[in-house]
Amino acid sequence: MEFGAFADAAAEIEALSADTEIAERVTTLFEDANADLAVLARFVQGRVFPAWSSRTLDIGPNYCYEAIARAAGTNVSADDVEERLAEVGDIGEVAASYDFGGQQGLGAFASGGGAGGGNDLTVAEVAERLDDLAAAEGSGSQDKKIDILFGLFNRASSREARYLARLVLSEMRIGVGEGTVRDATAQAFDVPVEAVERALQVSNDYGEVARVARDEGEAGLDDLDLELGRPVQAMLAQAGTVSDALDDWEEVAVEWKYDGARVQIHHDPEGLDWAVGEGDATEATGGAAAAADADGRTTAVFSRNMEDVTDPLPEVVEHVEEHLDAPAILDGEVVAAEDGDPLPFQEVLRRFRRKHDVAQAREEVQLDVVAFDCLHAGVPESDDSGARETGSRAGDDLLRAPLTERHDRLEGVLESGVSSLWVTDDPEEIASIEAEALDAGHEGIMLKNPDSTYSPGRRGKNWLKRKPDVETLDLVVTGAEWGEGRRASFLGTFLLSARADEETSEAAEFETIGKVATGITDEELADLTELLEPHVREQNGQDVEIAPEVVFEVGYEEIQASPTYSSGYALRFPRFLGVRDDKDPEDADSLERVERLAEKQ
Ligand code: AMP
């Protein structure tokens, strides 16, 4: 396809506002695409490389202005281009405002000899030249990049220049998002949108998925698998509460929320397979360089944004090489520690960005990896049952397996550095896991649906990061219950009350609002018993009435209206945070504050 035809389509799409019309126009573009389908499926979104690829054009805007200026003529400078850009705010419009064509130079000749041969730019040629541009490295590479771009602009019509400039600077903005490309692919090649969606999740390559949908139909899409070495989008979490989790699921899978940075680890003891599917270099833009990159690596590490961060993180590679002996794709968190205590995640991110002197960086900030999920697992080398197939694809894709099974497979392949996962329906156990996580210096806990599948790129309801308590309450202890069994000699389950009047006065009245039993260690129970026993007024079996003397700071997830307590409110999931030695009962929180907090929720 001529690049001009793509530019025309882009201009038409940009002029449309209804999503359905946009999807229809993209559908026609795909139907007419022939050999350029894969490239067009990316270009139309403003992407040059597949979504999984870490490749970038790596060209700063100034170099792009320089190339435009050179193609525009001797009396135009990069500064002029920048000035116009400041006025109109769209690089496409700026590029379209010049009259390109007459300039001679190295780049003009160089690109004249490309695949198109003639004067009209083709889509394939632009893709190839941008591939060359991305591949230019080392000294003089910026000049080479400018030459290549100059060569392209010099042959572009004003409309072509508009979309070329936007493509190069990743500012396509014609209203085509991932969903549009997904729908247009399904529509153009008559395949179910769900099949396209699944194929996109595993391959992360809109170009390849469009081509397979057209050439191999639904069956071809279903055959697309995860590839070792090709990252998929990470599953995401949303904020939620323990009550949400217990309301929605029978049991909750609880894990620490490690304060670090997300990584996806791909490993194959026999060498990573960097294949990006069939097709020539243009179909698989990015393939050539990625393959050249393989250099026999057996481990690759990707960041949350799917950038290749293998080189800056040698500890992760070493850990995996030592403890994982099966082909696998793992999901986890990298944490930085100093004398056993986690460092803030910014320290970890700094290591991710480090390109030089990695050995020294590594001495300054040491990293550990904790894997919490497993997307693909092969048979361990040490498993001599003979079941191991040869080839790097050996193993199972686990995206559709339930979380607990994925975690079991993770434990089966990785000997060390696996998250602990507790499956429980007991809020007290959840609270004590959270207390341990916080004690260990981590952020809190994750609550996961034990039966859920892995949904790449989704911020669904199956992974909840427990919301931190927004505002705590200082409440007076007005009762307690003696414990049972091992805890029989301790007071536990403390009855809490808020001050009834707004005004602080010594004759304060109190209304009950809830009971707290969680978040208290055995040691603390002993201390609290000693502190409260002198204030016991009356005993009735296990129940004890206590004079209002001691104030607890209490966290909770929600305040609900409830007839159970005299205040008319109840705390959901209350947790003991500490004794407020500095507060007298009359300084405790009032019912009015409770009411205000309840309204704010
Ligand atoms: P947030 O970044 O606040 O949206 O929280 C989600 C992030 O927590 C994930 O992307 C992970 O990087 C991180 N995380 C830490 N521990 C876990 C865990 N056990 N399970 C899932 N994600 C975790």
# chains A, B, ... in the order shown; residues from 1 in each chain; ligands from 1

call {"tool": "select_by_dssp", "arguments": {"residues": "region 119-356 of chain A", "states": "strand (DSSP E)", "output": "mmCIF file with C-alpha atoms, in the first residue's frame"}}
result
data_model
loop_
_atom_site.group_PDB
_atom_site.id
_atom_site.type_symbol
_atom_site.label_atom_id
_atom_site.label_comp_id
_atom_site.auth_asym_id
_atom_site.auth_seq_id
_atom_site.Cartn_x
_atom_site.Cartn_y
_atom_site.Cartn_z
ATOM 1 C CA LEU A 236 -3.378 -5.197 37.887
ATOM 2 C CA ALA A 237 -5.058 -4.698 41.219
ATOM 3 C CA GLN A 238 -7.685 -2.287 42.476
ATOM 4 C CA ALA A 239 -8.237 -0.945 45.943
ATOM 5 C CA GLY A 240 -10.588 -2.985 48.103
ATOM 6 C CA VAL A 252 -9.535 -15.174 50.256
ATOM 7 C CA ALA A 253 -5.980 -15.768 49.082
ATOM 8 C CA VAL A 254 -3.856 -13.372 51.098
ATOM 9 C CA GLU A 255 -0.301 -12.306 50.309
ATOM 10 C CA TRP A 256 2.010 -9.610 51.528
ATOM 11 C CA LYS A 257 2.091 -6.581 49.298
ATOM 12 C CA ALA A 261 8.726 -2.848 41.501
ATOM 13 C CA ARG A 262 6.948 -5.323 39.289
ATOM 14 C CA VAL A 263 8.885 -7.716 37.079
ATOM 15 C CA GLN A 264 7.994 -10.445 34.639
ATOM 16 C CA ILE A 265 10.661 -13.076 34.326
ATOM 17 C CA HIS A 266 11.045 -15.293 31.275
ATOM 18 C CA HIS A 267 13.360 -18.234 31.523
ATOM 19 C CA THR A 299 16.661 -15.317 31.236
ATOM 20 C CA ALA A 300 14.959 -12.050 30.397
ATOM 21 C CA VAL A 301 13.406 -9.636 32.877
ATOM 22 C CA PHE A 302 10.747 -7.088 31.944
ATOM 23 C CA SER A 303 9.359 -4.145 33.879
ATOM 24 C CA ALA A 328 8.733 -20.566 32.863
ATOM 25 C CA ILE A 329 7.154 -17.120 32.863
ATOM 26 C CA LEU A 330 6.914 -15.701 36.358
ATOM 27 C CA ASP A 331 5.297 -12.576 37.743
ATOM 28 C CA GLY A 332 6.690 -10.936 40.829
ATOM 29 C CA GLU A 333 8.165 -7.994 42.616
ATOM 30 C CA VAL A 334 11.759 -6.910 43.014
ATOM 31 C CA VAL A 335 12.490 -5.434 46.423
ATOM 32 C CA ALA A 336 15.509 -3.603 47.726
ATOM 33 C CA ALA A 337 16.727 -4.386 51.205
ATOM 34 C CA GLU A 338 19.256 -2.964 53.598
ATOM 35 C CA ASP A 341 14.634 -3.990 55.989
ATOM 36 C CA PRO A 342 12.954 -3.050 52.713
#

call {"tool": "residues_around", "arguments": {"residues": "region 133-146 of chain A", "least_positions_apart": "4", "cutoff": "8 Å", "atoms": "only C-alpha atoms", "output": "ChimeraX atom specification"}}
result
/A:55-59,63-64,66-67,129,150,289

call {"tool": "write_last_selection", "arguments": {"atoms": "N, CA, C and O atoms", "output": "PDB file, in the first residue's frame"}}
result
ATOM      1  N   ARG A  55      11.724  -2.177  21.776  1.00  0.00           N
ATOM      2  CA  ARG A  55      12.413  -1.304  20.829  1.00  0.00           C
ATOM      3  C   ARG A  55      11.734   0.056  20.740  1.00  0.00           C
ATOM      4  O   ARG A  55      10.516   0.170  20.847  1.00  0.00           O
ATOM      5  N   THR A  56      12.548   1.057  20.555  1.00  0.00           N
ATOM      6  CA  THR A  56      12.015   2.394  20.306  1.00  0.00           C
ATOM      7  C   THR A  56      12.824   3.001  19.178  1.00  0.00           C
ATOM      8  O   THR A  56      13.906   2.509  18.859  1.00  0.00           O
ATOM      9  N   LEU A  57      12.315   4.076  18.599  1.00  0.00           N
ATOM     10  CA  LEU A  57      13.082   4.741  17.545  1.00  0.00           C
ATOM     11  C   LEU A  57      14.287   5.432  18.167  1.00  0.00           C
ATOM     12  O   LEU A  57      15.293   5.653  17.527  1.00  0.00           O
ATOM     13  N   ASP A  58      14.147   5.776  19.438  1.00  0.00           N
ATOM     14  CA  ASP A  58      15.224   6.409  20.169  1.00  0.00           C
ATOM     15  C   ASP A  58      15.736   7.646  19.425  1.00  0.00           C
ATOM     16  O   ASP A  58      16.920   7.752  19.123  1.00  0.00           O
ATOM     17  N   ILE A  59      14.837   8.509  19.106  1.00  0.00           N
ATOM     18  CA  ILE A  59      15.235   9.756  18.450  1.00  0.00           C
ATOM     19  C   ILE A  59      14.540  10.907  19.167  1.00  0.00           C
ATOM     20  O   ILE A  59      13.322  10.907  19.353  1.00  0.00           O
ATOM     21  N   TYR A  63      15.936  16.130  16.976  1.00  0.00           N
ATOM     22  CA  TYR A  63      16.494  15.535  15.765  1.00  0.00           C
ATOM     23  C   TYR A  63      15.412  15.436  14.695  1.00  0.00           C
ATOM     24  O   TYR A  63      15.659  15.562  13.512  1.00  0.00           O
ATOM     25  N   CYS A  64      14.219  15.198  15.147  1.00  0.00           N
ATOM     26  CA  CYS A  64      13.108  15.124  14.207  1.00  0.00           C
ATOM     27  C   CYS A  64      12.866  16.513  13.591  1.00  0.00           C
ATOM     28  O   CYS A  64      12.664  16.652  12.380  1.00  0.00           O
ATOM     29  N   GLU A  66      15.053  18.740  13.185  1.00  0.00           N
ATOM     30  CA  GLU A  66      16.198  18.960  12.299  1.00  0.00           C
ATOM     31  C   GLU A  66      15.934  18.315  10.929  1.00  0.00           C
ATOM     32  O   GLU A  66      16.161  18.928   9.880  1.00  0.00           O
ATOM     33  N   ALA A  67      15.433  17.079  10.963  1.00  0.00           N
ATOM     34  CA  ALA A  67      15.166  16.366   9.706  1.00  0.00           C
ATOM     35  C   ALA A  67      14.087  17.092   8.902  1.00  0.00           C
ATOM     36  O   ALA A  67      14.203  17.260   7.681  1.00  0.00           O
ATOM     37  N   ARG A 129      12.393   1.590   6.789  1.00  0.00           N
ATOM     38  CA  ARG A 129      13.323   2.674   7.108  1.00  0.00           C
ATOM     39  C   ARG A 129      13.281   3.000   8.601  1.00  0.00           C
ATOM     40  O   ARG A 129      14.299   3.321   9.196  1.00  0.00           O
ATOM     41  N   PHE A 150      15.169  12.509   7.214  1.00  0.00           N
ATOM     42  CA  PHE A 150      15.208  13.528   6.162  1.00  0.00           C
ATOM     43  C   PHE A 150      14.793  12.890   4.839  1.00  0.00           C
ATOM     44  O   PHE A 150      13.971  13.429   4.091  1.00  0.00           O
ATOM     45  N   ALA A 289      15.885  -7.294  15.037  1.00  0.00           N
ATOM     46  CA  ALA A 289      16.748  -6.827  16.113  1.00  0.00           C
ATOM     47  C   ALA A 289      16.562  -7.674  17.351  1.00  0.00           C
ATOM     48  O   ALA A 289      17.516  -7.974  18.062  1.00  0.00           O
TER      49      ALA A 289
END

call {"tool": "closest_residue", "arguments": {"among": "A:Asn462, A:Leu528, A:Arg182, A:Leu169", "to": "Gly60 (chain A)", "atoms": "only C-alpha atoms"}}
result
A:Leu169

call {"tool": "atom_distance", "arguments": {"atom1": "CA of Ala124 (chain A)", "atom2": "CA of Ala186 (chain A)"}}
result
23.3 Å

call {"tool": "residues_around", "arguments": {"residues": "Gln601 (chain A)", "least_positions_apart": "3", "cutoff": "8 Å", "atoms": "only C-alpha atoms", "output": "PyMOL selection string"}}
result
chain A and resi 558+597-598

call {"tool": "select_by_dssp", "arguments": {"residues": "region 195-371 of chain A", "states": "helix (DSSP H, G or I)", "output": "NGL selection string"}}
result
:A and (195-203 or 206-223 or 242-248 or 287-293 or 314-323 or 345-353 or 358-364)

call {"tool": "write_last_selection", "arguments": {"atoms": "C-alpha atoms", "output": "PDB file, in the first residue's frame"}}
result
ATOM      1  CA  ALA A 195     -10.775 -14.866  20.199  1.00  0.00           C
ATOM      2  CA  VAL A 196      -9.017 -11.665  19.130  1.00  0.00           C
ATOM      3  CA  GLU A 197      -8.939 -10.452  22.711  1.00  0.00           C
ATOM      4  CA  ARG A 198      -7.381 -13.684  23.986  1.00  0.00           C
ATOM      5  CA  ALA A 199      -4.832 -13.730  21.175  1.00  0.00           C
ATOM      6  CA  LEU A 200      -3.877 -10.144  21.998  1.00  0.00           C
ATOM      7  CA  GLN A 201      -3.449 -11.036  25.639  1.00  0.00           C
ATOM      8  CA  VAL A 202      -0.989 -13.832  24.920  1.00  0.00           C
ATOM      9  CA  SER A 203       0.895 -12.258  22.018  1.00  0.00           C
ATOM     10  CA  TYR A 206      -1.775  -6.213  17.216  1.00  0.00           C
ATOM     11  CA  GLY A 207      -0.019  -6.739  13.896  1.00  0.00           C
ATOM     12  CA  GLU A 208       0.484 -10.440  14.289  1.00  0.00           C
ATOM     13  CA  VAL A 209      -3.030 -10.970  15.617  1.00  0.00           C
ATOM     14  CA  ALA A 210      -4.578  -9.154  12.648  1.00  0.00           C
ATOM     15  CA  ARG A 211      -2.515 -11.209  10.213  1.00  0.00           C
ATOM     16  CA  VAL A 212      -3.349 -14.511  11.899  1.00  0.00           C
ATOM     17  CA  ALA A 213      -7.051 -13.581  12.064  1.00  0.00           C
ATOM     18  CA  ARG A 214      -7.045 -12.954   8.320  1.00  0.00           C
ATOM     19  CA  ASP A 215      -4.849 -15.882   7.229  1.00  0.00           C
ATOM     20  CA  GLU A 216      -5.738 -18.573   9.741  1.00  0.00           C
ATOM     21  CA  GLY A 217      -9.065 -17.512  11.204  1.00  0.00           C
ATOM     22  CA  GLU A 218     -10.354 -18.325  14.671  1.00  0.00           C
ATOM     23  CA  ALA A 219      -8.432 -21.614  14.874  1.00  0.00           C
ATOM     24  CA  GLY A 220      -5.174 -19.780  14.176  1.00  0.00           C
ATOM     25  CA  LEU A 221      -5.935 -17.246  16.891  1.00  0.00           C
ATOM     26  CA  ASP A 222      -6.713 -20.021  19.360  1.00  0.00           C
ATOM     27  CA  ASP A 223      -3.348 -21.588  18.551  1.00  0.00           C
ATOM     28  CA  VAL A 242     -11.351  -7.337  53.506  1.00  0.00           C
ATOM     29  CA  SER A 243     -15.116  -7.020  53.762  1.00  0.00           C
ATOM     30  CA  ASP A 244     -15.381  -6.742  49.955  1.00  0.00           C
ATOM     31  CA  ALA A 245     -13.261  -9.848  49.563  1.00  0.00           C
ATOM     32  CA  LEU A 246     -15.159 -11.886  52.167  1.00  0.00           C
ATOM     33  CA  ASP A 247     -18.497 -10.743  50.766  1.00  0.00           C
ATOM     34  CA  ASP A 248     -17.605 -11.760  47.197  1.00  0.00           C
ATOM     35  CA  GLY A 287      11.879  -9.299  14.892  1.00  0.00           C
ATOM     36  CA  ALA A 288      15.269  -8.882  13.336  1.00  0.00           C
ATOM     37  CA  ALA A 289      16.748  -6.827  16.113  1.00  0.00           C
ATOM     38  CA  ALA A 290      15.081  -8.890  18.803  1.00  0.00           C
ATOM     39  CA  ALA A 291      16.507 -12.063  17.320  1.00  0.00           C
ATOM     40  CA  ALA A 292      19.936 -10.510  17.144  1.00  0.00           C
ATOM     41  CA  ASP A 293      19.467  -9.696  20.784  1.00  0.00           C
ATOM     42  CA  PRO A 314      21.805  -9.179  37.354  1.00  0.00           C
ATOM     43  CA  GLU A 315      20.685 -10.415  40.787  1.00  0.00           C
ATOM     44  CA  VAL A 316      17.315 -11.410  39.359  1.00  0.00           C
ATOM     45  CA  VAL A 317      18.996 -13.281  36.525  1.00  0.00           C
ATOM     46  CA  GLU A 318      21.349 -15.038  38.939  1.00  0.00           C
ATOM     47  CA  HIS A 319      18.530 -15.950  41.291  1.00  0.00           C
ATOM     48  CA  VAL A 320      16.530 -17.450  38.471  1.00  0.00           C
ATOM     49  CA  GLU A 321      19.497 -19.275  36.971  1.00  0.00           C
ATOM     50  CA  GLU A 322      20.180 -20.821  40.346  1.00  0.00           C
ATOM     51  CA  HIS A 323      16.694 -21.678  41.539  1.00  0.00           C
ATOM     52  CA  PHE A 345      10.471   1.419  45.942  1.00  0.00           C
ATOM     53  CA  GLN A 346      12.152   4.494  44.433  1.00  0.00           C
ATOM     54  CA  GLU A 347      15.478   2.818  45.239  1.00  0.00           C
ATOM     55  CA  VAL A 348      14.405  -0.202  43.224  1.00  0.00           C
ATOM     56  CA  LEU A 349      13.305   1.925  40.292  1.00  0.00           C
ATOM     57  CA  ARG A 350      16.636   3.694  40.298  1.00  0.00           C
ATOM     58  CA  ARG A 351      18.284   0.307  39.775  1.00  0.00           C
ATOM     59  CA  PHE A 352      15.904  -0.423  36.880  1.00  0.00           C
ATOM     60  CA  ARG A 353      17.101   2.690  35.069  1.00  0.00           C
ATOM     61  CA  VAL A 358      25.675  -1.850  37.327  1.00  0.00           C
ATOM     62  CA  ALA A 359      28.232  -3.707  39.455  1.00  0.00           C
ATOM     63  CA  GLN A 360      28.676  -0.654  41.642  1.00  0.00           C
ATOM     64  CA  ALA A 361      24.947   0.078  41.812  1.00  0.00           C
ATOM     65  CA  ARG A 362      24.478  -3.456  42.956  1.00  0.00           C
ATOM     66  CA  GLU A 363      26.754  -2.890  45.910  1.00  0.00           C
ATOM     67  CA  GLU A 364      24.833   0.223  46.914  1.00  0.00           C
TER      68      GLU A 364
END

call {"tool": "residues_around", "arguments": {"residues": "Gly555 (chain A)", "least_positions_apart": "5", "cutoff": "7 Å", "atoms": "only C-alpha atoms", "output": "PyMOL selection string"}}
result
chain A and resi 469+472-473+574-577

call {"tool": "closest_residue", "arguments": {"among": "A:Ala480, A:Met446, A:Ala508, A:Val516", "to": "ligand 1", "atoms": "only C-alpha atoms and all ligand atoms"}}
result
A:Met446

call {"tool": "closest_residue", "arguments": {"among": "A:Pro231, A:Gly514, A:Pro468, A:Gly578", "to": "Glu557 (chain A)", "atoms": "only C-alpha atoms"}}
result
A:Pro468

call {"tool": "residues_around", "arguments": {"residues": "region 97-99 of chain A", "least_positions_apart": "4", "cutoff": "10 Å", "atoms": "only C-alpha atoms", "output": "list in words"}}
result
Ile68, Ala69, Ala71, Ala72, Gly73, Val76, Val81, Arg84, Ile91, Gly92, Glu93, Phe153, Asn154, Ala156, Ser157, Ser158, Arg159, Ala161 and Arg162 of chain A

call {"tool": "closest_residue", "arguments": {"among": "A:Glu509, A:Glu405, A:Glu599, A:Asp190", "to": "Glu31 (chain A)", "atoms": "only C-alpha atoms"}}
result
A:Asp190
